[in-house]
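To start, the structure under review is shown below, and the notes come after it.
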Amino acid sequence: MKRPQNWQASACALAISMALAPTVFAAEEKVERIEVTGSRIKRTDLEGPSPVQSINKDDIANMGFDNLQQLLERMPANGAGAFSTRGNSQDSTANGAASISLRGLGPDATLVLINGRRASVSSFAEGITNSFVDINNIPVSAIERIDILKDGASAIYGSDAIAGVVNIVLKKDIEGIEVNLGYGKASGTGYDEQTANLVWGTKSDKGSASIILDYFKNDTLAATDLGRFGTADQSPYGGEDFRSSRGFPGYFYVDGVQTVDPSCPDAQNIDDEVCVFDYGPYNLVVPSAERVGAIGQFEYNFTDELTAFLEVAAQHNTSKAGGAPTPLDEGAGLTVPASHPNNPFGKDIKIGRFRTVDAGARRWDIESDTTRVVAGLRGTIKDWDWEASFQKGRSESLQTGDRNQGWVRTDFLQAEIDAGNYNPFGGTMNSQDVIDRITTSLVRQGVSHLTSYDASITGEAFTLGDRSIMMAAGAEYREEDVSDIPDDQFQRGLIFGTEAVSAAADRDQYAAYVEFSIPVTDDFELQLAGRYDHYSDFGSTTNPKIAFQWGIMDELTARGSWSTGFRAPSLAQIGLGPSQESSFFKDNYRCAADGVDCEALDYNTEFAGNSELDAEESETWNVGIIWAPTHKLDMGLDIFSITQDNKIDKQPLGAIYDANCNDQNSTICERLAPQPGQTLGPIDVIHSSFINLSSQEVQGADISAHYGLELDNYGDLKFGLEWSYLYSFEKDHLDYTGEYKFPQHRWLATTNWQMDDFSANLNISYIGEFEDTPDIDFDGTLDFEDNKSRMVDSQVLVDMSGSYRFSDTVKLTLGVNNVFDEEPPFAIGDGDTDLYGYVISVHNPMGRYIYSKLTVNF
């Protein structure tokens, strides 16, 4: 449903754009042809028919972020579906990783390239099957520029480029040595970041070499640092009580009757049925992490027409994830004999839901290692540029927990209960020697491989009259595999309360493509492209693209494009083994049938892969206009539309519940035995899978503007604006526009003042309001079109920095992000990941962050 927009904020952004710094390129002499993002054809100008936002190394430095995820989440084109280490918990399936999601279509619809080539995907998929490139493996210090292609590009790059492409171009052609040191701290918390990097390079007539070494470390931002945002009971602040039904104390079955522990405090006792537990304070909002990386790029010129090149990259990341102590439920099958010395009931009983708080919070140690090698030859033959290369990539992740990190085995626990050593009653903290006997160590291992070969040519194909028709053509072959193996104790059902993932699959793929650039007139360029891809598991697909760029007059240019695209099913979606996740919802069937009071409780869903999945398909168009009356001012407007069909998604939980959970004997919605006098038992597990279920359609507009102002004796002032407006986002015939996680407005305004050796930056980012709580009654069925919830307020963040170059050798930068220490706007949440009073994937709870950086050049 549509609502009035926040036009005051929109008008403010438009006013800023009127004063905004040019990126228009003045006329220049003929220069070397280069390849730009969005085309395989080498050209002399950087502007093409497709909309590209380019963020150079100076822009990156002015933003003040040493973490690529933090930088990209400020970009207005980034939207719902992106995730990061923020909120890392034992329930995340891709701990320690981060992604970008253009247009809100999800990380799997955004293709991430490094130097124009694919990178291997993370071995741990997010959301169980969401494959993505972990941008935490790309150090900011190594980046020359980031190109964000905001247009479908499957006809150019193949799978995954449905929403667009993010191309990370690494620094090269470096001469000398540069050392950067940085330190920053969030006010009011113990969170800090430390950075150090070294950039070295040399060039000669015979070639070039560059090496970049990078180090990044951050401390922990714990939930206990965030006050009201650190608890799962948000009812005092106007939210929901999302405390867990796996309590401490817990509840038991006495003569088959669900009975709360007599010691359960009144504040935790819900209707004498469950004793709830606040897991919030155990959450790691931003976990500690340490990253060490090295990138080398080398070129050797055999002749003026033949060059060998080599890229080598290695990255080692460590991180942590954490959650509350192990939650146990009826599925653990735990019992307490009547002979137990602490049994207050004096008879054999079953443990219902209980939490081993005395064993401590669960913690994961995560290590990820990525390696990437690209080797090839490039050259020129009769004015044709050619290139052939080989790439090998590997991403390996290891997730471990030892016996001191809260991992309880149910068979060990049962043995200690039977022996009368472990007391599960009264919220008792058992002795350490008993805890040592019920805990274990465990490991999860994941690895993905990418092997690819490609060859391409580009040059003048022929002429029509006096006009040169440029062409690019090429062929690719790629092999991929992924394996995600959980600990054997998970697979045997001995470890509870953590989402376990199992997956194994492989495929090979080959492709051929061709692209033409046709100057129809002096002012009108036509781009035609097509690509054929064949996959060993689902078949073939062909995708065309047509685009144009029209210089209507000297200061006015129009552009447009139309293309189709596709996304191959992820290897995790095809090869998924039994994998679990949990979410909060109300068991309305049981409430109605047995008169049980309804509360949103946490239930488990188990997924399996589907080898019959088809590829997702898309159709994209973009129409834009650029006005550049002077070399100091330019403004652009692009209107876009993306339609995605055969979207691979989880079966809707609400639909599964409605169809199966009113049957005590259902094999899809498995229930435990009902209580005496009742007809339905508590839900044990719901079985689900992934299918080609949904469609998505997104429409909107992008506005960009730049303005430069020379202040005579007071330096140069530059302004910039990137503004993304979401007109419509429909999924499965539901309109998400302005709904949960889908604000209609996002913008980023930048200001840079440069005078002599001093520079200052002011950046303002805006995220618009959106409606809260997509499932207002928490019954597992989205009802936001039928029920209006409260609004999650808009947020404005202000970042400032200043730099002074003392000499050609030394520069010092001081900055503050979130100058006014803005808290994230309050949100009731979705009963899934957002349980703490704010939307984790949209709003950063860190607060004011103060940093310094020292740069030394040799």
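Chains: A, B, ... in order of the structure tokens. Residues: from 1 per chain. Ligands: from 1, in order shown.
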Excluding stretch 541-556 of chain A and any residue of its chain fewer than 2 positions from it, enumerate the residues within 9 Å of it, using only C-alpha atoms, and give them as a count of residues only. 43
What's around A:Phe690 at 9 Å? Count only C-alpha atoms, leave out sequence neighbours fewer than 6 positions away in its own chain, and write the answer as a short mmCIF file (atom, residue, chain, number, x, y, z; two decimals) with N, CA and C atoms, in the first residue's frame.
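Saved file selection17.cif follows:
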data_model
loop_
_atom_site.label_atom_id
_atom_site.label_comp_id
_atom_site.auth_asym_id
_atom_site.auth_seq_id
_atom_site.Cartn_x
_atom_site.Cartn_y
_atom_site.Cartn_z
N THR A 129 21.63 -20.90 2.11
CA THR A 129 21.96 -21.19 0.72
C THR A 129 22.33 -19.95 -0.10
N GLN A 573 22.17 -24.30 -2.81
CA GLN A 573 20.75 -24.59 -3.00
C GLN A 573 20.54 -25.96 -3.64
N ILE A 574 21.46 -26.36 -4.50
CA ILE A 574 21.34 -27.66 -5.15
C ILE A 574 21.79 -28.79 -4.23
N PHE A 607 15.74 -27.58 6.41
CA PHE A 607 15.72 -27.45 4.96
C PHE A 607 16.55 -28.55 4.31
N ALA A 608 16.20 -28.87 3.07
CA ALA A 608 17.00 -29.77 2.25
C ALA A 608 17.13 -29.16 0.87
N GLY A 609 18.15 -29.55 0.12
CA GLY A 609 18.41 -29.01 -1.21
C GLY A 609 17.43 -29.53 -2.24
N ASN A 610 17.51 -28.93 -3.43
CA ASN A 610 16.63 -29.31 -4.53
C ASN A 610 17.44 -29.31 -5.83
N LEU A 613 16.13 -27.43 -9.37
CA LEU A 613 15.91 -25.99 -9.50
C LEU A 613 16.31 -25.49 -10.89
N ILE A 648 14.46 -18.17 -6.70
CA ILE A 648 14.62 -19.30 -5.79
C ILE A 648 14.48 -18.80 -4.36
N ASP A 649 13.58 -19.40 -3.63
CA ASP A 649 13.32 -18.92 -2.28
C ASP A 649 12.86 -20.08 -1.40
N LYS A 650 12.88 -19.82 -0.11
CA LYS A 650 12.31 -20.78 0.82
C LYS A 650 10.81 -20.86 0.61
N GLN A 651 10.25 -22.04 0.81
CA GLN A 651 8.81 -22.12 0.84
C GLN A 651 8.29 -21.25 1.98
#
May I have the residues within 7 Å of A:Asp684 as a PyMOL selection string, using only C-alpha atoms and disregarding those fewer than 2 positions away in the same chain? chain A and resi 331+670-672+682
Atom-to-atom span, atom CA of A:Leu306 and atom CA of A:Ser120, Å: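 Computing it gives 28.3 Å between the two atoms.
Residues lying within 8 Å of A:Val165, counting only C-alpha atoms and ignoring same-chain neighbours fewer than 4 positions away, are Thr110, Leu111, Val112, Leu113, Asp147, Ile148, Leu149, Lys150, Asp151, Gly152, Ala153 and Ala161 of chain A.
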From a backbone DSSP assignment, name each residue in stretch 555-653 of chain A labelled helix (DSSP H, G or I), as number ranges by chain. A: 571-575, 588-594, 653
Keeping only N, CA and C atoms, write the selected residues to a file as a CSV table (one decimal), in the first residue's frame.
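Output (result_11.csv):
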chain,number,residue,atom,x,y,z
A,571,LEU,N,25.3,-23.5,-5.7
A,571,LEU,CA,25.7,-24.8,-5.4
A,571,LEU,C,25.1,-25.3,-4.0
A,572,ALA,N,25.0,-24.3,-3.1
A,572,ALA,CA,24.4,-24.7,-1.8
A,572,ALA,C,22.9,-25.0,-1.9
A,573,GLN,N,22.2,-24.3,-2.8
A,573,GLN,CA,20.7,-24.6,-3.0
A,573,GLN,C,20.5,-26.0,-3.6
A,574,ILE,N,21.5,-26.4,-4.5
A,574,ILE,CA,21.3,-27.7,-5.2
A,574,ILE,C,21.8,-28.8,-4.2
A,575,GLY,N,22.9,-28.6,-3.5
A,575,GLY,CA,23.5,-29.7,-2.8
A,575,GLY,C,23.3,-29.6,-1.3
A,588,ASN,N,-0.9,-20.8,16.3
A,588,ASN,CA,-2.3,-20.5,16.4
A,588,ASN,C,-3.2,-21.7,16.4
A,589,TYR,N,-2.8,-22.7,15.7
A,589,TYR,CA,-3.6,-23.9,15.7
A,589,TYR,C,-3.7,-24.5,17.1
A,590,ARG,N,-2.6,-24.7,17.7
A,590,ARG,CA,-2.6,-25.2,19.1
A,590,ARG,C,-3.3,-24.3,20.1
A,591,CYS,N,-3.1,-23.0,19.9
A,591,CYS,CA,-3.8,-22.1,20.8
A,591,CYS,C,-5.3,-22.2,20.7
A,592,ALA,N,-5.8,-22.4,19.4
A,592,ALA,CA,-7.3,-22.5,19.2
A,592,ALA,C,-7.8,-23.8,19.7
A,593,ALA,N,-7.1,-24.9,19.4
A,593,ALA,CA,-7.6,-26.2,19.6
A,593,ALA,C,-7.6,-26.6,21.1
A,594,ASP,N,-6.6,-26.1,21.8
A,594,ASP,CA,-6.4,-26.5,23.2
A,594,ASP,C,-6.5,-25.4,24.2
A,653,LEU,N,7.0,-19.9,5.2
A,653,LEU,CA,6.7,-20.6,6.4
A,653,LEU,C,5.2,-20.6,6.8
Need the shell around A:Gly64: protein/DNA/RNA residues with any atom at most 8 Å away, counting only C-alpha atoms. Skip same-chain ones fewer than 6 positions apart. Format as a list in words?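 Neighbouring residues, sequence-local ones excluded: Ser801, Gly815 and Asn817 of chain A.
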Suppose we keep N, CA and C atoms; can you now write the selection as a short mmCIF file (atom, residue, chain, number, x, y, z; two decimals), in the first residue's frame?
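For reference, result30.cif as written:
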data_model
loop_
_atom_site.label_atom_id
_atom_site.label_comp_id
_atom_site.auth_asym_id
_atom_site.auth_seq_id
_atom_site.Cartn_x
_atom_site.Cartn_y
_atom_site.Cartn_z
N SER A 801 35.89 14.80 8.50
CA SER A 801 37.31 14.50 8.60
C SER A 801 38.12 15.67 8.07
N GLY A 815 39.31 12.25 12.01
CA GLY A 815 37.93 12.21 11.58
C GLY A 815 36.98 11.69 12.63
N ASN A 817 33.12 9.73 12.53
CA ASN A 817 31.93 9.21 11.89
C ASN A 817 30.79 9.19 12.89
#
Residues near A:Glu730, anyone? I mean within 12 Å using only C-alpha atoms, not counting same-chain ones fewer than 4 positions away, as a PDB file with N, CA and C atoms, in the first residue's frame.
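Generated output (part-v5.pdb):
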ATOM      1  N   MET A   1       0.832  -1.189   0.000  1.00  0.00           N
ATOM      2  CA  MET A   1       0.000   0.000   0.000  1.00  0.00           C
ATOM      3  C   MET A   1       0.871   1.244   0.000  1.00  0.00           C
ATOM      4  N   GLY A 104      18.451  -4.021  -3.442  1.00  0.00           N
ATOM      5  CA  GLY A 104      17.703  -4.813  -2.477  1.00  0.00           C
ATOM      6  C   GLY A 104      17.295  -6.171  -2.988  1.00  0.00           C
ATOM      7  N   LEU A 105      17.891  -6.626  -4.104  1.00  0.00           N
ATOM      8  CA  LEU A 105      17.517  -7.913  -4.679  1.00  0.00           C
ATOM      9  C   LEU A 105      18.304  -9.075  -4.096  1.00  0.00           C
ATOM     10  N   SER A 641      14.201  -0.327 -14.163  1.00  0.00           N
ATOM     11  CA  SER A 641      13.215  -1.364 -13.853  1.00  0.00           C
ATOM     12  C   SER A 641      13.888  -2.723 -13.984  1.00  0.00           C
ATOM     13  N   ILE A 642      13.692  -3.581 -12.987  1.00  0.00           N
ATOM     14  CA  ILE A 642      14.220  -4.947 -13.007  1.00  0.00           C
ATOM     15  C   ILE A 642      13.092  -5.907 -12.654  1.00  0.00           C
ATOM     16  N   THR A 643      12.843  -6.867 -13.518  1.00  0.00           N
ATOM     17  CA  THR A 643      11.847  -7.911 -13.248  1.00  0.00           C
ATOM     18  C   THR A 643      12.573  -9.248 -13.171  1.00  0.00           C
ATOM     19  N   GLN A 644      12.402  -9.943 -12.070  1.00  0.00           N
ATOM     20  CA  GLN A 644      13.096 -11.207 -11.834  1.00  0.00           C
ATOM     21  C   GLN A 644      12.058 -12.312 -11.631  1.00  0.00           C
ATOM     22  N   ASP A 645      12.134 -13.338 -12.462  1.00  0.00           N
ATOM     23  CA  ASP A 645      11.197 -14.465 -12.392  1.00  0.00           C
ATOM     24  C   ASP A 645      11.926 -15.732 -11.964  1.00  0.00           C
ATOM     25  N   SER A 694       9.104 -17.472  -6.488  1.00  0.00           N
ATOM     26  CA  SER A 694       8.623 -16.106  -6.476  1.00  0.00           C
ATOM     27  C   SER A 694       9.100 -15.298  -7.669  1.00  0.00           C
ATOM     28  N   SER A 695       8.536 -14.122  -7.773  1.00  0.00           N
ATOM     29  CA  SER A 695       8.969 -13.118  -8.733  1.00  0.00           C
ATOM     30  C   SER A 695       9.240 -11.827  -7.975  1.00  0.00           C
ATOM     31  N   GLN A 696      10.121 -11.023  -8.513  1.00  0.00           N
ATOM     32  CA  GLN A 696      10.424  -9.730  -7.917  1.00  0.00           C
ATOM     33  C   GLN A 696      10.452  -8.687  -9.025  1.00  0.00           C
ATOM     34  N   GLU A 697       9.956  -7.511  -8.723  1.00  0.00           N
ATOM     35  CA  GLU A 697      10.035  -6.402  -9.665  1.00  0.00           C
ATOM     36  C   GLU A 697      10.347  -5.138  -8.889  1.00  0.00           C
ATOM     37  N   VAL A 698      11.414  -4.473  -9.293  1.00  0.00           N
ATOM     38  CA  VAL A 698      11.811  -3.248  -8.626  1.00  0.00           C
ATOM     39  C   VAL A 698      11.916  -2.142  -9.663  1.00  0.00           C
ATOM     40  N   GLN A 699      11.377  -0.981  -9.312  1.00  0.00           N
ATOM     41  CA  GLN A 699      11.443   0.191 -10.163  1.00  0.00           C
ATOM     42  C   GLN A 699      11.844   1.385  -9.315  1.00  0.00           C
ATOM     43  N   GLY A 700      12.623   2.263  -9.903  1.00  0.00           N
ATOM     44  CA  GLY A 700      13.054   3.423  -9.139  1.00  0.00           C
ATOM     45  C   GLY A 700      13.842   4.387  -9.990  1.00  0.00           C
ATOM     46  N   LEU A 726      13.233   4.531  -4.478  1.00  0.00           N
ATOM     47  CA  LEU A 726      12.548   3.266  -4.771  1.00  0.00           C
ATOM     48  C   LEU A 726      11.075   3.564  -5.020  1.00  0.00           C
ATOM     49  N   LEU A 734       3.220  -8.968  -3.545  1.00  0.00           N
ATOM     50  CA  LEU A 734       3.147  -8.096  -2.376  1.00  0.00           C
ATOM     51  C   LEU A 734       4.023  -6.875  -2.622  1.00  0.00           C
ATOM     52  N   ASP A 735       3.525  -5.702  -2.247  1.00  0.00           N
ATOM     53  CA  ASP A 735       4.255  -4.468  -2.476  1.00  0.00           C
ATOM     54  C   ASP A 735       5.072  -4.130  -1.234  1.00  0.00           C
ATOM     55  N   TYR A 736       6.397  -4.252  -1.366  1.00  0.00           N
ATOM     56  CA  TYR A 736       7.306  -3.985  -0.251  1.00  0.00           C
ATOM     57  C   TYR A 736       7.740  -2.522  -0.190  1.00  0.00           C
ATOM     58  N   THR A 737       7.274  -1.703  -1.083  1.00  0.00           N
ATOM     59  CA  THR A 737       7.734  -0.323  -1.155  1.00  0.00           C
ATOM     60  C   THR A 737       7.435   0.417   0.145  1.00  0.00           C
ATOM     61  N   GLY A 738       8.471   0.893   0.786  1.00  0.00           N
ATOM     62  CA  GLY A 738       8.291   1.586   2.057  1.00  0.00           C
ATOM     63  C   GLY A 738       7.996   0.675   3.221  1.00  0.00           C
ATOM     64  N   GLU A 739       8.058  -0.649   2.981  1.00  0.00           N
ATOM     65  CA  GLU A 739       7.806  -1.601   4.052  1.00  0.00           C
ATOM     66  C   GLU A 739       9.121  -1.968   4.741  1.00  0.00           C
ATOM     67  N   PHE A 742      12.752  -1.707   3.409  1.00  0.00           N
ATOM     68  CA  PHE A 742      12.696  -1.173   2.055  1.00  0.00           C
ATOM     69  C   PHE A 742      12.318   0.308   2.065  1.00  0.00           C
ATOM     70  N   GLU A 785       0.401  -5.866   4.091  1.00  0.00           N
ATOM     71  CA  GLU A 785      -0.545  -5.194   3.194  1.00  0.00           C
ATOM     72  C   GLU A 785      -1.931  -5.081   3.825  1.00  0.00           C
TER      73      GLU A 785
END
I'd like to know which of A:Ser288, A:Ser582, A:Asn301, A:Thr307 is closest to A:Gly831, using only C-alpha atoms.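 Once distances to A:Gly831 are computed over only C-alpha atoms, the minimum belongs to A:Ser582.
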